[in-house]
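A quick write-up on the structure given underneath.
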There are 2 protein chains.
Amino acid sequence: MHKLNLAYLRMLNNMWDIEDQIQGGLPKLIKEAHNEDLKKGLASHLEETKSHKMRLEELFAFHSYSVNYERDMAFQTLLQDALADLSVIDDLNVKDALIAASAQVVEHIEIARYKTLLTWAQELGDEKGLEHIKSNLQEEEHESKTLFTLAQGGLFSLGLNEKAALTGDI
Amino acid sequence: MHKLNLAYLRMLNNMWDIEDQIQGGLPKLIKEAHNEDLKKGLASHLEETKSHKMRLEELFAFHSYSVNYERDMAFQTLLQDALADLSVIDDLNVKDALIAASAQVVEHIEIARYKTLLTWAQELGDEKGLEHIKSNLQEEEHESKTLFTLAQGGLFSLGLNEKAALTGDI
């Protein structure tokens, strides 16, 4: 475990696990979501997540690498905390805002890792890896933009009365 | 805990903890780093991290909010795993590549959360929050670019022989 190619395969393996955890966690977020556009966005990303795993599996097969089913505990805790936070919220708009926020953190973690993997695939001359990682990265970046547009677009807007109440509240 | 302002303060509190953990973790990464530009980049970001905490503390004081010293366990595990991964690597270039990769994930988590907080501060009309969150976000984005430039710039380049060896290795 002292060469870039081993670190590269290990990080690809970690990404497979992260995608697998997202596949397990997204249905719970979709169930908690109230806003229809948010629900739809997350549901379509669930389908993309399945294809991200398949692309990684194709890459492993190409490199004769066997997946190690080790769970990323930091990521598992992050997903569990996100769901626990939602369970104590009864305001549906705030719940949606929190779901979008958690999904955004997940997307950013994936984007950071896929960008690193892309740099390493270039460095290592892994053409197959470049192609597959780029496809996954593009879909994560697109999902991140969708979530940002939803959050910015005032889908979770509070009414003016609630804004006014803040003067005393915070 | 059912209004956006409470979720906002809770996430600001979480960011304070994350910045605090980074302040504790960065010196360990700097110590492990070999490349001088990487070392310098992380060291200057350590100073920025201290000012991010101070800006958040100013914001808490402004809103008469008391910080809750609850650790984000997902983030703590992420930092611990990053350091544990480094301890089994003896190749200095790969070590630097992994340090940059871990720092990049940390930056992306922060960017995602500060972007959400910025949207929420706008929604809540918190002018002071907008100003402080924007300052923190800009420095995180700048650090992320610096790390990306370092990773792309071939600072961790392998020699051609190592590339050739990959045909058999992966």
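Order determines the names: the first chain of the structure tokens is A, the second B, and so forth; residues in each chain are numbered 1 upward, and ligands are numbered 1 upward as they are shown.
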Run DSSP on the backbone and tell me which residues of chain A come out as alpha helix (DSSP H); list them as a short mmCIF file (atom, residue, chain, number, x, y, z; two decimals) with N, CA and C atoms, in the first residue's frame.
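Below you can see selection-v9.cif, which holds the result:
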data_model
loop_
_atom_site.label_atom_id
_atom_site.label_comp_id
_atom_site.auth_asym_id
_atom_site.auth_seq_id
_atom_site.Cartn_x
_atom_site.Cartn_y
_atom_site.Cartn_z
N LEU A 4 0.65 4.92 -5.86
CA LEU A 4 -0.58 5.65 -6.20
C LEU A 4 -1.66 4.73 -6.74
N ASN A 5 -1.26 3.67 -7.46
CA ASN A 5 -2.30 2.80 -8.04
C ASN A 5 -3.08 2.06 -6.95
N LEU A 6 -2.41 1.70 -5.87
CA LEU A 6 -3.13 1.04 -4.78
C LEU A 6 -4.05 2.02 -4.07
N ALA A 7 -3.54 3.26 -3.85
CA ALA A 7 -4.38 4.30 -3.24
C ALA A 7 -5.59 4.59 -4.13
N TYR A 8 -5.34 4.55 -5.45
CA TYR A 8 -6.41 4.80 -6.45
C TYR A 8 -7.49 3.72 -6.36
N LEU A 9 -7.07 2.46 -6.36
CA LEU A 9 -8.05 1.37 -6.27
C LEU A 9 -8.78 1.40 -4.94
N ARG A 10 -8.06 1.76 -3.89
CA ARG A 10 -8.69 1.82 -2.57
C ARG A 10 -9.74 2.93 -2.52
N MET A 11 -9.44 4.06 -3.15
CA MET A 11 -10.42 5.15 -3.15
C MET A 11 -11.61 4.82 -4.05
N LEU A 12 -11.35 4.12 -5.16
CA LEU A 12 -12.47 3.67 -6.02
C LEU A 12 -13.37 2.73 -5.23
N ASN A 13 -12.73 1.85 -4.46
CA ASN A 13 -13.48 0.90 -3.62
C ASN A 13 -14.32 1.65 -2.59
N ASN A 14 -13.72 2.68 -1.99
CA ASN A 14 -14.44 3.52 -1.03
C ASN A 14 -15.64 4.21 -1.69
N MET A 15 -15.44 4.66 -2.94
CA MET A 15 -16.55 5.31 -3.65
C MET A 15 -17.68 4.33 -3.93
N TRP A 16 -17.31 3.08 -4.21
CA TRP A 16 -18.35 2.06 -4.44
C TRP A 16 -19.19 1.92 -3.17
N ASP A 17 -18.50 1.88 -2.03
CA ASP A 17 -19.21 1.75 -0.75
C ASP A 17 -20.10 2.97 -0.49
N ILE A 18 -19.57 4.17 -0.79
CA ILE A 18 -20.34 5.40 -0.58
C ILE A 18 -21.60 5.39 -1.48
N GLU A 19 -21.42 5.01 -2.73
CA GLU A 19 -22.58 4.94 -3.64
C GLU A 19 -23.59 3.91 -3.10
N ASP A 20 -23.07 2.81 -2.58
CA ASP A 20 -23.93 1.75 -2.05
C ASP A 20 -24.71 2.27 -0.83
N GLN A 21 -24.05 3.03 0.02
CA GLN A 21 -24.73 3.60 1.19
C GLN A 21 -25.79 4.62 0.76
N ILE A 22 -25.48 5.39 -0.29
CA ILE A 22 -26.45 6.38 -0.80
C ILE A 22 -27.67 5.65 -1.35
N GLN A 23 -27.41 4.55 -2.07
CA GLN A 23 -28.53 3.76 -2.60
C GLN A 23 -29.45 3.29 -1.46
N GLY A 24 -28.85 2.97 -0.33
CA GLY A 24 -29.65 2.54 0.83
C GLY A 24 -30.33 3.71 1.54
N GLY A 25 -29.67 4.87 1.55
CA GLY A 25 -30.17 6.02 2.32
C GLY A 25 -31.17 6.89 1.58
N LEU A 26 -31.00 7.02 0.26
CA LEU A 26 -31.86 7.94 -0.50
C LEU A 26 -33.36 7.64 -0.38
N PRO A 27 -33.77 6.36 -0.43
CA PRO A 27 -35.22 6.10 -0.29
C PRO A 27 -35.78 6.66 1.01
N LYS A 28 -34.99 6.66 2.08
CA LYS A 28 -35.45 7.22 3.37
C LYS A 28 -35.62 8.73 3.25
N LEU A 29 -34.66 9.41 2.58
CA LEU A 29 -34.77 10.87 2.39
C LEU A 29 -35.96 11.20 1.50
N ILE A 30 -36.16 10.40 0.44
CA ILE A 30 -37.28 10.65 -0.48
C ILE A 30 -38.61 10.53 0.27
N LYS A 31 -38.68 9.54 1.15
CA LYS A 31 -39.90 9.32 1.94
C LYS A 31 -40.19 10.50 2.87
N GLU A 32 -39.13 11.09 3.41
CA GLU A 32 -39.28 12.23 4.34
C GLU A 32 -39.56 13.54 3.61
N GLU A 36 -42.46 18.28 -4.10
CA GLU A 36 -42.49 17.32 -5.21
C GLU A 36 -41.22 17.37 -6.07
N ASP A 37 -40.70 18.59 -6.32
CA ASP A 37 -39.49 18.72 -7.14
C ASP A 37 -38.28 18.10 -6.43
N LEU A 38 -38.25 18.27 -5.12
CA LEU A 38 -37.16 17.68 -4.34
C LEU A 38 -37.26 16.15 -4.39
N LYS A 39 -38.45 15.64 -4.18
CA LYS A 39 -38.69 14.19 -4.26
C LYS A 39 -38.24 13.63 -5.61
N LYS A 40 -38.66 14.32 -6.69
CA LYS A 40 -38.34 13.86 -8.06
C LYS A 40 -36.83 13.90 -8.30
N GLY A 41 -36.21 15.00 -7.86
CA GLY A 41 -34.76 15.15 -8.05
C GLY A 41 -33.99 14.04 -7.35
N LEU A 42 -34.40 13.73 -6.13
CA LEU A 42 -33.71 12.68 -5.37
C LEU A 42 -33.98 11.30 -5.98
N ALA A 43 -35.21 11.10 -6.46
CA ALA A 43 -35.57 9.80 -7.05
C ALA A 43 -34.77 9.55 -8.33
N SER A 44 -34.60 10.62 -9.13
CA SER A 44 -33.84 10.40 -10.37
C SER A 44 -32.36 10.20 -10.04
N HIS A 45 -31.91 10.84 -8.94
CA HIS A 45 -30.52 10.63 -8.54
C HIS A 45 -30.30 9.22 -7.98
N LEU A 46 -31.35 8.62 -7.42
CA LEU A 46 -31.25 7.24 -6.94
C LEU A 46 -30.95 6.30 -8.12
N GLU A 47 -31.61 6.54 -9.24
CA GLU A 47 -31.36 5.71 -10.44
C GLU A 47 -29.92 5.92 -10.92
N GLU A 48 -29.47 7.19 -10.89
CA GLU A 48 -28.08 7.48 -11.32
C GLU A 48 -27.09 6.78 -10.40
N THR A 49 -27.40 6.76 -9.11
CA THR A 49 -26.51 6.14 -8.13
C THR A 49 -26.28 4.66 -8.46
N LYS A 50 -27.36 3.99 -8.88
CA LYS A 50 -27.23 2.58 -9.26
C LYS A 50 -26.29 2.43 -10.46
N SER A 51 -26.38 3.37 -11.42
CA SER A 51 -25.49 3.25 -12.58
C SER A 51 -24.05 3.64 -12.22
N HIS A 52 -23.88 4.51 -11.20
CA HIS A 52 -22.52 4.85 -10.75
C HIS A 52 -21.83 3.60 -10.19
N LYS A 53 -22.60 2.84 -9.41
CA LYS A 53 -22.06 1.58 -8.85
C LYS A 53 -21.68 0.63 -9.98
N MET A 54 -22.56 0.54 -10.98
CA MET A 54 -22.29 -0.39 -12.09
C MET A 54 -21.03 0.02 -12.85
N ARG A 55 -20.85 1.35 -13.06
CA ARG A 55 -19.65 1.81 -13.76
C ARG A 55 -18.39 1.44 -12.96
N LEU A 56 -18.48 1.60 -11.64
CA LEU A 56 -17.33 1.26 -10.80
C LEU A 56 -17.08 -0.26 -10.86
N GLU A 57 -18.15 -1.04 -10.87
CA GLU A 57 -18.00 -2.50 -10.95
C GLU A 57 -17.36 -2.91 -12.28
N GLU A 58 -17.75 -2.23 -13.36
CA GLU A 58 -17.14 -2.50 -14.68
C GLU A 58 -15.64 -2.21 -14.62
N LEU A 59 -15.31 -1.12 -13.94
CA LEU A 59 -13.91 -0.72 -13.83
C LEU A 59 -13.11 -1.75 -13.00
N PHE A 60 -13.74 -2.23 -11.94
CA PHE A 60 -13.07 -3.25 -11.12
C PHE A 60 -12.84 -4.51 -11.94
N ALA A 61 -13.86 -4.91 -12.71
CA ALA A 61 -13.74 -6.13 -13.53
C ALA A 61 -12.61 -5.94 -14.55
N PHE A 62 -12.56 -4.74 -15.16
CA PHE A 62 -11.54 -4.43 -16.17
C PHE A 62 -10.13 -4.55 -15.58
N MET A 73 -17.19 4.29 7.78
CA MET A 73 -17.97 4.58 8.99
C MET A 73 -18.29 6.07 9.13
N ALA A 74 -17.37 6.94 8.66
CA ALA A 74 -17.63 8.38 8.72
C ALA A 74 -18.87 8.70 7.90
N PHE A 75 -18.93 8.11 6.70
CA PHE A 75 -20.06 8.39 5.81
C PHE A 75 -21.35 7.80 6.37
N GLN A 76 -21.23 6.61 6.97
CA GLN A 76 -22.41 5.98 7.58
C GLN A 76 -22.98 6.87 8.70
N THR A 77 -22.07 7.39 9.54
CA THR A 77 -22.49 8.26 10.64
C THR A 77 -23.15 9.53 10.10
N LEU A 78 -22.55 10.09 9.03
CA LEU A 78 -23.11 11.29 8.42
C LEU A 78 -24.56 11.06 7.97
N LEU A 79 -24.81 9.92 7.32
CA LEU A 79 -26.17 9.62 6.85
C LEU A 79 -27.12 9.39 8.03
N GLN A 80 -26.62 8.66 9.04
CA GLN A 80 -27.46 8.40 10.21
C GLN A 80 -27.82 9.69 10.93
N ASP A 81 -26.83 10.60 11.08
CA ASP A 81 -27.07 11.89 11.75
C ASP A 81 -28.10 12.71 10.97
N ALA A 82 -27.99 12.69 9.63
CA ALA A 82 -28.92 13.46 8.80
C ALA A 82 -30.34 12.96 9.02
N LEU A 83 -30.52 11.65 9.09
CA LEU A 83 -31.86 11.09 9.29
C LEU A 83 -32.36 11.38 10.71
N ALA A 84 -31.44 11.30 11.69
CA ALA A 84 -31.84 11.57 13.08
C ALA A 84 -32.27 13.03 13.24
N ASP A 85 -31.56 13.96 12.57
CA ASP A 85 -31.91 15.38 12.63
C ASP A 85 -33.32 15.61 12.10
N LEU A 86 -33.66 14.89 11.02
CA LEU A 86 -34.98 15.07 10.40
C LEU A 86 -36.11 14.61 11.32
N SER A 87 -35.82 13.57 12.11
CA SER A 87 -36.88 12.95 12.91
C SER A 87 -37.43 13.89 13.99
N LEU A 92 -42.58 21.06 7.67
CA LEU A 92 -42.26 20.38 6.41
C LEU A 92 -41.29 21.17 5.53
N ASN A 93 -41.39 22.52 5.55
CA ASN A 93 -40.45 23.33 4.76
C ASN A 93 -39.03 23.21 5.30
N VAL A 94 -38.91 23.23 6.61
CA VAL A 94 -37.58 23.13 7.22
C VAL A 94 -37.01 21.73 7.00
N LYS A 95 -37.89 20.73 7.06
CA LYS A 95 -37.47 19.36 6.77
C LYS A 95 -36.89 19.28 5.36
N ASP A 96 -37.60 19.86 4.39
CA ASP A 96 -37.11 19.86 3.00
C ASP A 96 -35.77 20.60 2.89
N ALA A 97 -35.67 21.72 3.60
CA ALA A 97 -34.41 22.49 3.56
C ALA A 97 -33.26 21.66 4.11
N LEU A 98 -33.53 20.90 5.18
CA LEU A 98 -32.50 20.06 5.77
C LEU A 98 -32.14 18.87 4.87
N ILE A 99 -33.14 18.30 4.22
CA ILE A 99 -32.89 17.18 3.29
C ILE A 99 -32.00 17.67 2.14
N ALA A 100 -32.33 18.84 1.58
CA ALA A 100 -31.52 19.40 0.49
C ALA A 100 -30.10 19.68 0.97
N ALA A 101 -29.98 20.17 2.22
CA ALA A 101 -28.66 20.48 2.78
C ALA A 101 -27.83 19.21 2.95
N SER A 102 -28.45 18.16 3.46
CA SER A 102 -27.72 16.89 3.65
C SER A 102 -27.32 16.29 2.32
N ALA A 103 -28.25 16.32 1.37
CA ALA A 103 -27.94 15.78 0.04
C ALA A 103 -26.80 16.57 -0.60
N GLN A 104 -26.77 17.88 -0.34
CA GLN A 104 -25.72 18.73 -0.89
C GLN A 104 -24.33 18.35 -0.31
N VAL A 105 -24.29 18.06 0.98
CA VAL A 105 -23.02 17.63 1.59
C VAL A 105 -22.56 16.32 0.97
N VAL A 106 -23.50 15.39 0.81
CA VAL A 106 -23.17 14.09 0.19
C VAL A 106 -22.61 14.31 -1.22
N GLU A 107 -23.28 15.15 -2.02
CA GLU A 107 -22.81 15.43 -3.38
C GLU A 107 -21.41 16.02 -3.36
N HIS A 108 -21.16 16.94 -2.44
CA HIS A 108 -19.85 17.60 -2.40
C HIS A 108 -18.74 16.62 -2.01
N ILE A 109 -19.05 15.70 -1.12
CA ILE A 109 -18.05 14.67 -0.76
C ILE A 109 -17.72 13.84 -2.01
N GLU A 110 -18.77 13.45 -2.72
CA GLU A 110 -18.55 12.64 -3.93
C GLU A 110 -17.77 13.42 -4.99
N ILE A 111 -18.14 14.69 -5.17
CA ILE A 111 -17.46 15.52 -6.19
C ILE A 111 -15.98 15.65 -5.85
N ALA A 112 -15.68 15.89 -4.57
CA ALA A 112 -14.27 16.02 -4.16
C ALA A 112 -13.51 14.73 -4.47
N ARG A 113 -14.10 13.59 -4.11
CA ARG A 113 -13.40 12.31 -4.32
C ARG A 113 -13.27 11.96 -5.80
N TYR A 114 -14.36 12.17 -6.57
CA TYR A 114 -14.27 11.86 -8.00
C TYR A 114 -13.27 12.78 -8.71
N LYS A 115 -13.17 14.03 -8.26
CA LYS A 115 -12.19 14.94 -8.87
C LYS A 115 -10.77 14.45 -8.59
N THR A 116 -10.54 14.02 -7.36
CA THR A 116 -9.23 13.46 -7.02
C THR A 116 -8.96 12.21 -7.87
N LEU A 117 -9.96 11.34 -7.97
CA LEU A 117 -9.79 10.10 -8.74
C LEU A 117 -9.50 10.40 -10.21
N LEU A 118 -10.13 11.46 -10.73
CA LEU A 118 -9.91 11.85 -12.13
C LEU A 118 -8.44 12.27 -12.32
N THR A 119 -7.94 13.05 -11.37
CA THR A 119 -6.54 13.48 -11.44
C THR A 119 -5.61 12.27 -11.38
N TRP A 120 -5.94 11.35 -10.49
CA TRP A 120 -5.09 10.16 -10.35
C TRP A 120 -5.18 9.25 -11.58
N ALA A 121 -6.39 9.12 -12.15
CA ALA A 121 -6.55 8.28 -13.36
C ALA A 121 -5.73 8.86 -14.50
N GLN A 122 -5.69 10.22 -14.59
CA GLN A 122 -4.87 10.89 -15.61
C GLN A 122 -3.40 10.56 -15.38
N GLU A 123 -3.02 10.72 -14.12
CA GLU A 123 -1.63 10.48 -13.73
C GLU A 123 -1.20 9.04 -14.06
N LEU A 124 -2.14 8.12 -13.84
CA LEU A 124 -1.84 6.70 -14.02
C LEU A 124 -2.10 6.22 -15.45
N GLU A 127 -7.26 5.01 -19.01
CA GLU A 127 -8.27 5.58 -19.92
C GLU A 127 -9.70 5.15 -19.55
N LYS A 128 -9.86 3.89 -19.24
CA LYS A 128 -11.18 3.36 -18.86
C LYS A 128 -11.68 4.07 -17.59
N GLY A 129 -10.77 4.24 -16.64
CA GLY A 129 -11.11 4.92 -15.39
C GLY A 129 -11.52 6.36 -15.64
N LEU A 130 -10.76 7.05 -16.51
CA LEU A 130 -11.06 8.45 -16.84
C LEU A 130 -12.49 8.60 -17.33
N GLU A 131 -12.86 7.72 -18.25
CA GLU A 131 -14.18 7.77 -18.88
C GLU A 131 -15.29 7.54 -17.85
N HIS A 132 -15.14 6.49 -17.05
CA HIS A 132 -16.18 6.14 -16.07
C HIS A 132 -16.27 7.16 -14.93
N ILE A 133 -15.13 7.61 -14.46
CA ILE A 133 -15.13 8.57 -13.34
C ILE A 133 -15.74 9.90 -13.82
N LYS A 134 -15.39 10.28 -15.06
CA LYS A 134 -15.93 11.53 -15.61
C LYS A 134 -17.45 11.47 -15.69
N SER A 135 -17.99 10.33 -16.13
CA SER A 135 -19.45 10.17 -16.23
C SER A 135 -20.10 10.31 -14.86
N ASN A 136 -19.54 9.64 -13.87
CA ASN A 136 -20.11 9.74 -12.51
C ASN A 136 -20.01 11.17 -11.98
N LEU A 137 -18.82 11.78 -12.17
CA LEU A 137 -18.60 13.15 -11.68
C LEU A 137 -19.61 14.12 -12.29
N GLN A 138 -19.83 14.01 -13.60
CA GLN A 138 -20.77 14.93 -14.28
C GLN A 138 -22.17 14.82 -13.69
N GLU A 139 -22.60 13.60 -13.38
CA GLU A 139 -23.95 13.43 -12.83
C GLU A 139 -24.04 13.95 -11.39
N GLU A 140 -22.95 13.83 -10.63
CA GLU A 140 -22.96 14.37 -9.26
C GLU A 140 -23.00 15.90 -9.32
N GLU A 141 -22.22 16.48 -10.25
CA GLU A 141 -22.21 17.94 -10.37
C GLU A 141 -23.57 18.46 -10.81
N HIS A 142 -24.22 17.73 -11.68
CA HIS A 142 -25.55 18.11 -12.14
C HIS A 142 -26.55 18.06 -10.98
N GLU A 143 -26.47 17.00 -10.18
CA GLU A 143 -27.37 16.85 -9.02
C GLU A 143 -27.14 17.98 -8.02
N SER A 144 -25.86 18.33 -7.81
CA SER A 144 -25.53 19.41 -6.89
C SER A 144 -26.16 20.72 -7.36
N LYS A 145 -26.09 20.98 -8.69
CA LYS A 145 -26.69 22.20 -9.25
C LYS A 145 -28.21 22.19 -9.07
N THR A 146 -28.82 21.03 -9.29
CA THR A 146 -30.28 20.90 -9.13
C THR A 146 -30.68 21.23 -7.70
N LEU A 147 -29.94 20.68 -6.74
CA LEU A 147 -30.24 20.92 -5.32
C LEU A 147 -30.07 22.39 -4.97
N PHE A 148 -29.01 23.02 -5.54
CA PHE A 148 -28.75 24.42 -5.26
C PHE A 148 -29.88 25.29 -5.83
N THR A 149 -30.32 24.96 -7.05
CA THR A 149 -31.42 25.70 -7.67
C THR A 149 -32.69 25.57 -6.84
N LEU A 150 -32.96 24.35 -6.36
CA LEU A 150 -34.13 24.13 -5.52
C LEU A 150 -34.06 24.98 -4.25
N ALA A 151 -32.88 24.97 -3.61
CA ALA A 151 -32.72 25.71 -2.35
C ALA A 151 -32.81 27.21 -2.58
N GLN A 152 -32.18 27.68 -3.70
CA GLN A 152 -32.19 29.12 -4.02
C GLN A 152 -33.55 29.61 -4.48
N LEU A 160 -43.44 36.06 5.26
CA LEU A 160 -42.90 37.31 5.80
C LEU A 160 -43.06 37.39 7.32
N ASN A 161 -44.14 36.84 7.82
CA ASN A 161 -44.36 36.85 9.27
C ASN A 161 -43.26 36.09 10.01
N GLU A 162 -42.88 34.97 9.39
CA GLU A 162 -41.83 34.18 10.04
C GLU A 162 -40.49 34.93 10.01
N LYS A 163 -40.25 35.66 8.90
CA LYS A 163 -39.03 36.47 8.82
C LYS A 163 -39.04 37.53 9.91
N ALA A 164 -40.17 38.17 10.05
CA ALA A 164 -40.29 39.25 11.03
C ALA A 164 -40.06 38.72 12.44
N ALA A 165 -40.52 37.52 12.67
CA ALA A 165 -40.40 36.92 14.01
C ALA A 165 -38.93 36.68 14.40
N LEU A 166 -38.08 36.66 13.38
CA LEU A 166 -36.67 36.36 13.64
C LEU A 166 -35.96 37.44 14.44
N THR A 167 -36.42 38.65 14.28
CA THR A 167 -35.76 39.77 14.97
C THR A 167 -35.62 39.43 16.45
N GLY A 168 -36.65 38.83 16.98
CA GLY A 168 -36.57 38.45 18.38
C GLY A 168 -35.96 37.08 18.59
N ASP A 169 -36.11 36.23 17.58
CA ASP A 169 -35.75 34.82 17.77
C ASP A 169 -34.26 34.52 17.72
#
Suppose you want the space between atom CA of B:Gly153 and atom CA of B:Asn35; what is it in Å?
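According to the coordinates, atom CA of B:Gly153 and atom CA of B:Asn35 are separated by 12.4 Å.
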